[in-house]
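Peer 1: To start, I am sharing the structure in question, which I have written as C-alpha cells.
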Amino acid sequence: MATNKWLGKFILNIIGKKKLVLSLTIVGIVLIATLISGLGLFRANDNVFVGFDALSSSEYASERIAELTRYIEEKPLSEEAVENYKREIGYMQYIIDNNLALEDIENLEVNSGLVFPNNQNKTMRPFLYIDIMTILLVVFVLMWTYLLFFCSFDNGMIKTILLTNVTRTQFFAVALKWWLILMLSVICAICIGFSLSLVGVPDKSVVIFSGNKWQSLSIKGIATLKIFGSIAMILSMASVVLFLGMLTMRPLYISLGLGVVYFVEMGIAFLLGQKFGEVSVVNFLPFLALQNIENYNSIWSYINLAVGIGITILLVWLARKIFLKRDIV
Amino acid sequence: MHKKQLLKIENISKSFKHNKVLDGICLEVEQGQVCGLMGINGTGKSTLFKIVAGLERADSGKVLYLGQPKTDNQNFGIMIENPNFFGYMTGEENLRALGMLYDNVSKDDIKNALGIVGLLSVSQKFDQYSLGMKQRLYFAFAILSKPKILLLDEPFTGIDFLSVELLSKLIQNMAQQGVGVLISGHQLEQMQSICDKICLLNQGKIVKEIVNVKGIDIKQEFSELVGVVMNGNE
C-alpha cells in the first residue's frame with residue numbers, strides 16, 4: 001500500500017517537472033468545455049431551431065421562403081446553391097398551398113419529386129461544429145493519455161521502475177488510477193459543456209431528411225446521443241492507447257496504431273452517413289451508426305454508451321493481463 | 001563463520017520459441033560473496049539476470065531469496081543492460097524521483113549514493129552524461145535502497161578505465177559490508193580481481209564453477225571453456 005502512495009507521488013513529480021504540460025492540460029480541458037458551451041449558446045440563438053413544433057407548418061414555410069429569397073437576392077451564390085434554394089422554396093410553397101401538417105410532411109416519400117431540402121445542412125451545422133470540437137477533445141485526451149504514461153514511462157522507464165520495489169501489479173493499478181482520473185475529468189468537461197450548450201434551447205423537434213424520409217427529431221435527443229457518443233468514443237479510444245501502450249511499450253507504434261484506428265472508424269462512420277443519408281458524423285461508434293440513423297432519441301443512445309464502456313473495460317482488462325504476463329525486455 | 005545463503009537459483013530454464021537459452025541453471029550467492037557469471041555472448045547471462053530481476057518469466061525453475069520464493073525486488077539492487085533515466089532531469093532529480101518508490105530512502109541516502117559514485121556536484125542533465133557517468137548513476141540507483149543483493153549485468157561495458165576501477169572498488173566495498181553480488185562481465189582479470197566465485201556459462205548451462213578464483217590461472221580455465229565451446233559447436 002505504501003508503495004502505491006509513493007508511486008502516485010512519483011507520477012506527480014514527473015508531471016510536475018513538465019509544468020507547462022500540466023498547465024496546458026488544465027487550460028485545455030477548461031477551454032474545450034467553454035468552447036462547447038459557447039457554441040451551444042450560439043446555437044440557442046440560431047433560428048433554425050424554431051421548427052414545426054414551434055410554428056405551424058405554414059408559418060414556418062412562409063418564414064423559410066422569405067429567408068431563402070433574401071439569401072438568393074443578397075448573397076453571391078453558386079448556381080447549384082441557387083438551384084437548391086429554389087427547389088426548397090418550391091417545396092415550402094407546396095406546404096402552404098396544400099396546408100400540410102407535420103404528419104403529412106413526415107410521410108412524404110423521397111420519390112414524390114417535390115424537393116430535396118438543403119435546410120437539413122443548416123439545421124445540423126451547429127452540431128457539426130460540436131462534432132469538430134469533440135474530435136479536438138478526443139485528440140487532446142489521446143495526446144495526454146499518451147504523454148502521461150508513455151512519454152515518461154516508455155519501455156526503458158517502465159523497466160527502471162520495475163527494478164525498484166514496485167511490482168507489475170502495483171504499477172498497472174496506479175497507472176490505471178491516473179488514467180481514470182484523466183478520463184473522469186474529460187467526461188465531466190463534456191457533460192458540463194454539452195449541458196451548458198442546451199441552456200436556452202427549447203426541446204423542440206427539427207425536421208430533417210434522413211433515412212430516405214422526413215423525420216422529426218428531438219434536439220435534446222440528438223444532444224444526448226452526442227454526449228453519450230463522445231464519452232463512448234473518448235473512453236474506447238483512450239483505452240486503445242492504454243492497450244497498445246501496454247502491448248508494445250513503444251510510443252511510435254501507439255501513435256501509428258491510434259491514427260489508423262481513428263481514421264478507419266471515422267471513415268466508416270462517414271461512408272455509412274453517405275450511404276444512408278446521415279447528416280453529420282453524429283455516431284462515433286460506426287457499427288451503431290446504422291441504427292441511430294432511424295431514430296436519434298432511442299435506446300440506441302444508451303446502447304452506444306454501454307458498448308463504449310464495454311469496449312473500455314475489455315481493453316483495460318486485456319491490457320492488464322498482457323502487462324502482468326509479458327516479458328519487459 | 002557460516003555465511004547466510006541470500007540468493008538461490010533452482011533449475012531455471014527459458015526458451016524463446018524453439019531456442020533454449022537457459023537449461024536448468026542452478027546457482028547460489030552467499031552473504032558478502034561476489035559471484036561472477038562469464039561466458040561468450042548469447043549464452044543466456046542477460047536472460048538469467050532478467051529472470052532474477054523479474055523482467056522476464058522463466059519457463060521452469062525458482063528464484064529464492066533467503067529460502068523463500070522471490071516476489072519483488074525489495075532488498076535487490078539491480079543494473080541490467082543500458083541505464084534508463086529521465087533525460088531532462090539531473091542525476092539527483094532522477095534519484096529523488098525514483099527514491100519515492102522506496103519506503104526507506106531519505107535525502108541523505110540520495111546524496112550519499114551520489115557521493116559514492118562521484119556525481120554529487122554534477123549539475124548536468126542525464127542526457128548530457130557520458131556513458132561512464134550513466135553507469136555510475138545506475139550504480140548509485142542500485143545501492144540507493146541499501147540492498148542485500150546486487151545484480152550487475154556487465155556493469156563495465158563501454159566505460160573508461162577510471163570508472164571501471166571506481167565501480168570495482170565500490171562492488172568490493174559492498175561485498176565487505178555483507179552484500180551478496182551476482183555480476184557478469186567479459187574482462188577476465190577484472191572479474192578475477194573482484195569475484196570470489198566464477199560460473200562459466202555455455203549454451204544455457206553452467207559448465208564450470210570455480211571457487212576461490214583469486215589464486216588460479218583464470219586464463220587457463222577460460223581456455224578450457226573455449227575448448228568446450230568449440231566442441232559444443234562441432
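Chain labels A, B, ... are given in the sequence in which chains occur in the C-alpha cells; within each chain residues are numbered consecutively from 1, and ligands are likewise numbered from 1 in the order shown.
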Identify all chain B residues at most 7 Å from chain A by counting only C-alpha atoms; ligands do not count. Present them as a list in words.
Peer 2: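 Written out as asked, the residues are Ala53, Leu55, Glu56, Arg57, Asp72, Asn73, Gln74, Ile78, Asn84, Phe85, Ala97, Met100, Leu101 and Tyr102 of chain B.
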Peer 1: Give me a file of those residues, with C-alpha atoms, as a compact mmCIF listing (two decimals), in the first residue's frame.
Peer 2:
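Dumped to part.txt:
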# COMPACT_ATOMS: atom_id res chain seq x y z
CA ALA B 53 15.09 -9.32 -11.60
CA LEU B 55 11.64 -8.66 -16.01
CA GLU B 56 11.26 -11.99 -17.76
CA ARG B 57 9.41 -15.16 -16.85
CA ASP B 72 9.54 -8.48 -5.64
CA ASN B 73 12.80 -6.55 -5.88
CA GLN B 74 12.86 -5.41 -2.29
CA ILE B 78 19.89 -4.04 -9.98
CA ASN B 84 17.25 4.31 -18.41
CA PHE B 85 16.53 7.52 -16.57
CA ALA B 97 12.02 10.74 -8.20
CA MET B 100 9.95 7.92 -3.88
CA LEU B 101 9.25 4.36 -4.92
CA TYR B 102 11.02 3.11 -1.78
Peer 1: Among chain B, which ones does DSSP assign to helix (DSSP H, G or I) (computed from the backbone)? Answer as a count of residues only.
Peer 2: 86
Peer 1: Could you give me, as number ranges by chain, the residues within 7 Å of Ala319 in chain A, counting only C-alpha atoms and dropping anything in the same chain fewer than 3 positions from it?
Peer 2: A: 242-243, 246-247, 315-316, 322-323
Peer 1: Any chance you could export the current selection's N, CA and C atoms as an mmCIF file, in the first residue's frame?
Peer 2:
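Below you can see again18.cif, which holds the result:
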data_model
loop_
_atom_site.group_PDB
_atom_site.id
_atom_site.type_symbol
_atom_site.label_atom_id
_atom_site.label_comp_id
_atom_site.auth_asym_id
_atom_site.auth_seq_id
_atom_site.Cartn_x
_atom_site.Cartn_y
_atom_site.Cartn_z
ATOM 1 N N LEU A 242 -4.121 2.907 -24.094
ATOM 2 C CA LEU A 242 -3.622 2.167 -22.929
ATOM 3 C C LEU A 242 -3.239 0.737 -23.331
ATOM 4 N N PHE A 243 -4.132 0.119 -24.106
ATOM 5 C CA PHE A 243 -3.902 -1.263 -24.525
ATOM 6 C C PHE A 243 -2.656 -1.377 -25.399
ATOM 7 N N MET A 246 0.514 -0.826 -23.339
ATOM 8 C CA MET A 246 0.941 -1.956 -22.527
ATOM 9 C C MET A 246 1.414 -3.121 -23.403
ATOM 10 N N LEU A 247 0.851 -3.173 -24.607
ATOM 11 C CA LEU A 247 1.213 -4.264 -25.509
ATOM 12 C C LEU A 247 2.595 -4.029 -26.125
ATOM 13 N N LEU A 315 -10.747 -3.715 -23.030
ATOM 14 C CA LEU A 315 -9.376 -3.354 -23.394
ATOM 15 C C LEU A 315 -8.493 -3.170 -22.164
ATOM 16 N N VAL A 316 -9.063 -2.567 -21.117
ATOM 17 C CA VAL A 316 -8.276 -2.388 -19.891
ATOM 18 C C VAL A 316 -7.942 -3.747 -19.287
ATOM 19 N N ILE A 322 -2.067 -8.652 -20.294
ATOM 20 C CA ILE A 322 -0.844 -8.705 -21.099
ATOM 21 C C ILE A 322 0.340 -8.135 -20.318
ATOM 22 N N PHE A 323 0.098 -6.999 -19.663
ATOM 23 C CA PHE A 323 1.196 -6.339 -18.957
ATOM 24 C C PHE A 323 1.739 -7.208 -17.825
#
Peer 1: May I ask for the distance between CA of Ala175 in chain B and CA of Val34 in chain B, given in Å to one decimal place?
Peer 2: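 Atom-to-atom, CA of Ala175 in chain B to CA of Val34 in chain B, that is 6.7 Å.
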Peer 1: In Å, rounded to a single decimal, give me how far CA of Pro83 in chain B is from CA of Cys26 in chain B.
Peer 2: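 A separation of 27.4 Å between them.
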Peer 1: So, counting only C-alpha atoms, which residue among B:Ile198, B:Leu64, B:Leu27, B:Leu166 is closest to Ile216 in chain B?
Peer 2: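 Checking each of B:Ile198, B:Leu64, B:Leu27, B:Leu166 against Ile216 in chain B, counting only C-alpha atoms, the winner is B:Ile198.
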Peer 1: Would you mind reading off the distance between CA of Gln172 in chain B and CA of Met191 in chain B, one decimal, in Å?
Peer 2: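 Spanning CA of Gln172 in chain B to CA of Met191 in chain B is a straight-line distance of 11.3 Å.
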Peer 1: Would you give me, as a PyMOL selection string, the residues in chain B that DSSP reads as strand (DSSP E)?
Peer 2: chain B and resi 5-16+19-30+34-38+60-65+68-69+76-79+149-153+180-184+197-202+205-211
Peer 1: Might you pull out every residue within 8 Å of range 131-139 of chain B, with only C-alpha atoms counted and same-chain residues fewer than 6 positions away left off, and present them as a ChimeraX atom specification?
Peer 2: /B:78-79,83,91,114,117,119,155,158-160,163,167
Peer 1: Generate the output file for the selected residues, N, CA, C and O atoms, as a short mmCIF file (atom, residue, chain, number, x, y, z; two decimals), in the first residue's frame.
Peer 2:
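Dumped everything to out_33.cif:
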data_model
loop_
_atom_site.label_atom_id
_atom_site.label_comp_id
_atom_site.auth_asym_id
_atom_site.auth_seq_id
_atom_site.Cartn_x
_atom_site.Cartn_y
_atom_site.Cartn_z
N ILE B 78 19.76 -3.40 -8.67
CA ILE B 78 19.89 -4.04 -9.98
C ILE B 78 20.42 -3.08 -11.04
O ILE B 78 19.97 -1.94 -11.17
N MET B 79 21.38 -3.56 -11.80
CA MET B 79 21.87 -2.87 -13.01
C MET B 79 21.76 -3.87 -14.14
O MET B 79 22.51 -4.85 -14.16
N PRO B 83 21.43 1.94 -18.89
CA PRO B 83 20.67 2.70 -17.89
C PRO B 83 19.55 3.52 -18.53
O PRO B 83 19.73 4.10 -19.59
N GLY B 91 21.03 13.95 -12.25
CA GLY B 91 21.16 12.67 -11.54
C GLY B 91 20.43 12.70 -10.21
O GLY B 91 19.72 11.76 -9.86
N LEU B 114 25.07 9.34 -4.40
CA LEU B 114 25.70 10.15 -5.45
C LEU B 114 27.16 10.46 -5.10
O LEU B 114 28.02 10.48 -5.98
N VAL B 117 29.50 7.53 -5.91
CA VAL B 117 29.87 7.35 -7.33
C VAL B 117 30.46 8.62 -7.95
O VAL B 117 30.70 8.69 -9.15
N LEU B 119 29.14 11.74 -8.24
CA LEU B 119 28.25 12.56 -9.06
C LEU B 119 27.49 13.62 -8.25
O LEU B 119 26.57 14.25 -8.77
N PRO B 155 28.42 -4.47 -15.86
CA PRO B 155 28.48 -3.06 -15.46
C PRO B 155 29.68 -2.31 -16.04
O PRO B 155 29.68 -1.08 -16.05
N GLY B 158 31.75 -0.70 -21.98
CA GLY B 158 31.74 0.60 -22.65
C GLY B 158 32.17 1.78 -21.82
O GLY B 158 31.99 2.93 -22.24
N ILE B 159 32.72 1.54 -20.64
CA ILE B 159 33.10 2.71 -19.81
C ILE B 159 34.62 2.80 -19.67
O ILE B 159 35.34 1.82 -19.85
N ASP B 160 35.10 3.98 -19.33
CA ASP B 160 36.54 4.22 -19.26
C ASP B 160 37.18 3.50 -18.06
O ASP B 160 36.48 3.10 -17.13
N SER B 163 36.40 4.71 -14.45
CA SER B 163 35.07 4.31 -13.97
C SER B 163 35.07 2.83 -13.62
O SER B 163 34.42 2.41 -12.65
N LEU B 167 34.05 1.53 -9.99
CA LEU B 167 32.95 0.58 -9.79
C LEU B 167 33.46 -0.70 -9.11
O LEU B 167 32.80 -1.25 -8.23
#
Peer 1: Need the shell around Ile116 in chain B: protein/DNA/RNA residues with any atom at most 12 Å away, counting only C-alpha atoms. Skip same-chain ones fewer than 3 positions apart. Format as a ChimeraX atom specification?
Peer 2: /B:109-113,119-121,136-137,139-144,166-167,169-171,173-174
Peer 1: Would you save the residues of that selection, restricted to C-alpha atoms, as a PDB file, in the first residue's frame?
Peer 2:
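What landed in result34.pdb:
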ATOM      1  CA  ASP B 109      20.716   8.398   1.234  1.00  0.00           C
ATOM      2  CA  ILE B 110      20.460  10.021  -2.192  1.00  0.00           C
ATOM      3  CA  LYS B 111      23.340  12.386  -1.504  1.00  0.00           C
ATOM      4  CA  ASN B 112      25.348   9.536  -0.045  1.00  0.00           C
ATOM      5  CA  ALA B 113      24.784   7.320  -3.095  1.00  0.00           C
ATOM      6  CA  LEU B 119      28.248  12.565  -9.058  1.00  0.00           C
ATOM      7  CA  LEU B 120      27.137  14.692  -6.128  1.00  0.00           C
ATOM      8  CA  SER B 121      28.280  18.004  -7.541  1.00  0.00           C
ATOM      9  CA  ARG B 136      27.814   5.313 -12.198  1.00  0.00           C
ATOM     10  CA  LEU B 137      24.380   6.852 -11.738  1.00  0.00           C
ATOM     11  CA  PHE B 139      25.089   2.003  -9.711  1.00  0.00           C
ATOM     12  CA  ALA B 140      24.005   4.779  -7.328  1.00  0.00           C
ATOM     13  CA  PHE B 141      20.395   3.847  -8.138  1.00  0.00           C
ATOM     14  CA  ALA B 142      21.187   0.184  -7.449  1.00  0.00           C
ATOM     15  CA  ILE B 143      22.621   0.854  -3.992  1.00  0.00           C
ATOM     16  CA  LEU B 144      20.073   3.550  -3.111  1.00  0.00           C
ATOM     17  CA  LEU B 166      35.820   3.027  -9.236  1.00  0.00           C
ATOM     18  CA  LEU B 167      32.951   0.579  -9.785  1.00  0.00           C
ATOM     19  CA  LYS B 169      36.149  -0.818  -5.612  1.00  0.00           C
ATOM     20  CA  LEU B 170      32.552   0.033  -4.852  1.00  0.00           C
ATOM     21  CA  ILE B 171      31.455  -3.527  -5.549  1.00  0.00           C
ATOM     22  CA  ASN B 173      33.189  -2.440  -0.552  1.00  0.00           C
ATOM     23  CA  MET B 174      29.576  -3.519  -0.790  1.00  0.00           C
TER      24      MET B 174
END
Peer 1: Kindly indicate which residue among B:Met89, B:Leu98, B:Val52, B:Leu66 lies nearest to Asp127 in chain B, using only C-alpha atoms for the distances.
Peer 2: B:Met89
Peer 1: Residues at most 8 Å from Val213 in chain B, counting only C-alpha atoms, excluding those fewer than 6 positions away in the same chain, as a list of chain:residue names?
Peer 2: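 Returned residues: B:Gln192, B:Cys195, B:Asp196, B:Lys197, B:Ile198.
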Peer 1: With all heavy atoms retained, export the selected residues as a PDB file, in the first residue's frame.
Peer 2:
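Done, and the output landed in again-v6.pdb:
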ATOM      1  N   GLN B 192      38.271 -11.613 -12.141  1.00  0.00           N
ATOM      2  CA  GLN B 192      39.035 -12.385 -11.157  1.00  0.00           C
ATOM      3  C   GLN B 192      39.367 -11.543  -9.927  1.00  0.00           C
ATOM      4  O   GLN B 192      39.359 -12.027  -8.797  1.00  0.00           O
ATOM      5  CB  GLN B 192      40.333 -12.908 -11.787  1.00  0.00           C
ATOM      6  CG  GLN B 192      41.067 -13.886 -10.876  1.00  0.00           C
ATOM      7  CD  GLN B 192      42.333 -14.443 -11.506  1.00  0.00           C
ATOM      8  OE1 GLN B 192      42.876 -13.868 -12.443  1.00  0.00           O
ATOM      9  NE2 GLN B 192      42.797 -15.574 -11.002  1.00  0.00           N
ATOM     10  N   CYS B 195      35.819 -11.116  -7.966  1.00  0.00           N
ATOM     11  CA  CYS B 195      34.904 -12.234  -7.675  1.00  0.00           C
ATOM     12  C   CYS B 195      35.509 -13.242  -6.687  1.00  0.00           C
ATOM     13  O   CYS B 195      36.722 -13.481  -6.672  1.00  0.00           O
ATOM     14  CB  CYS B 195      34.537 -12.971  -8.960  1.00  0.00           C
ATOM     15  SG  CYS B 195      33.530 -11.980 -10.070  1.00  0.00           S
ATOM     16  N   ASP B 196      34.628 -13.834  -5.888  1.00  0.00           N
ATOM     17  CA  ASP B 196      35.032 -14.954  -5.046  1.00  0.00           C
ATOM     18  C   ASP B 196      34.785 -16.266  -5.777  1.00  0.00           C
ATOM     19  O   ASP B 196      35.430 -17.280  -5.520  1.00  0.00           O
ATOM     20  CB  ASP B 196      34.205 -14.958  -3.754  1.00  0.00           C
ATOM     21  CG  ASP B 196      34.352 -13.644  -3.006  1.00  0.00           C
ATOM     22  OD1 ASP B 196      35.489 -13.259  -2.722  1.00  0.00           O
ATOM     23  OD2 ASP B 196      33.307 -13.003  -2.740  1.00  0.00           O
ATOM     24  N   LYS B 197      33.813 -16.232  -6.670  1.00  0.00           N
ATOM     25  CA  LYS B 197      33.414 -17.449  -7.379  1.00  0.00           C
ATOM     26  C   LYS B 197      33.015 -17.053  -8.799  1.00  0.00           C
ATOM     27  O   LYS B 197      32.421 -15.988  -8.992  1.00  0.00           O
ATOM     28  CB  LYS B 197      32.205 -18.045  -6.646  1.00  0.00           C
ATOM     29  CG  LYS B 197      31.576 -19.239  -7.277  1.00  0.00           C
ATOM     30  CD  LYS B 197      30.511 -19.849  -6.366  1.00  0.00           C
ATOM     31  CE  LYS B 197      29.172 -19.221  -6.516  1.00  0.00           C
ATOM     32  NZ  LYS B 197      28.090 -19.929  -5.803  1.00  0.00           N
ATOM     33  N   ILE B 198      33.408 -17.881  -9.760  1.00  0.00           N
ATOM     34  CA  ILE B 198      33.004 -17.583 -11.139  1.00  0.00           C
ATOM     35  C   ILE B 198      32.340 -18.818 -11.744  1.00  0.00           C
ATOM     36  O   ILE B 198      32.854 -19.940 -11.636  1.00  0.00           O
ATOM     37  CB  ILE B 198      34.221 -17.164 -12.011  1.00  0.00           C
ATOM     38  CG1 ILE B 198      34.724 -15.774 -11.562  1.00  0.00           C
ATOM     39  CG2 ILE B 198      33.841 -17.111 -13.484  1.00  0.00           C
ATOM     40  CD1 ILE B 198      35.898 -15.250 -12.362  1.00  0.00           C
TER      41      ILE B 198
END
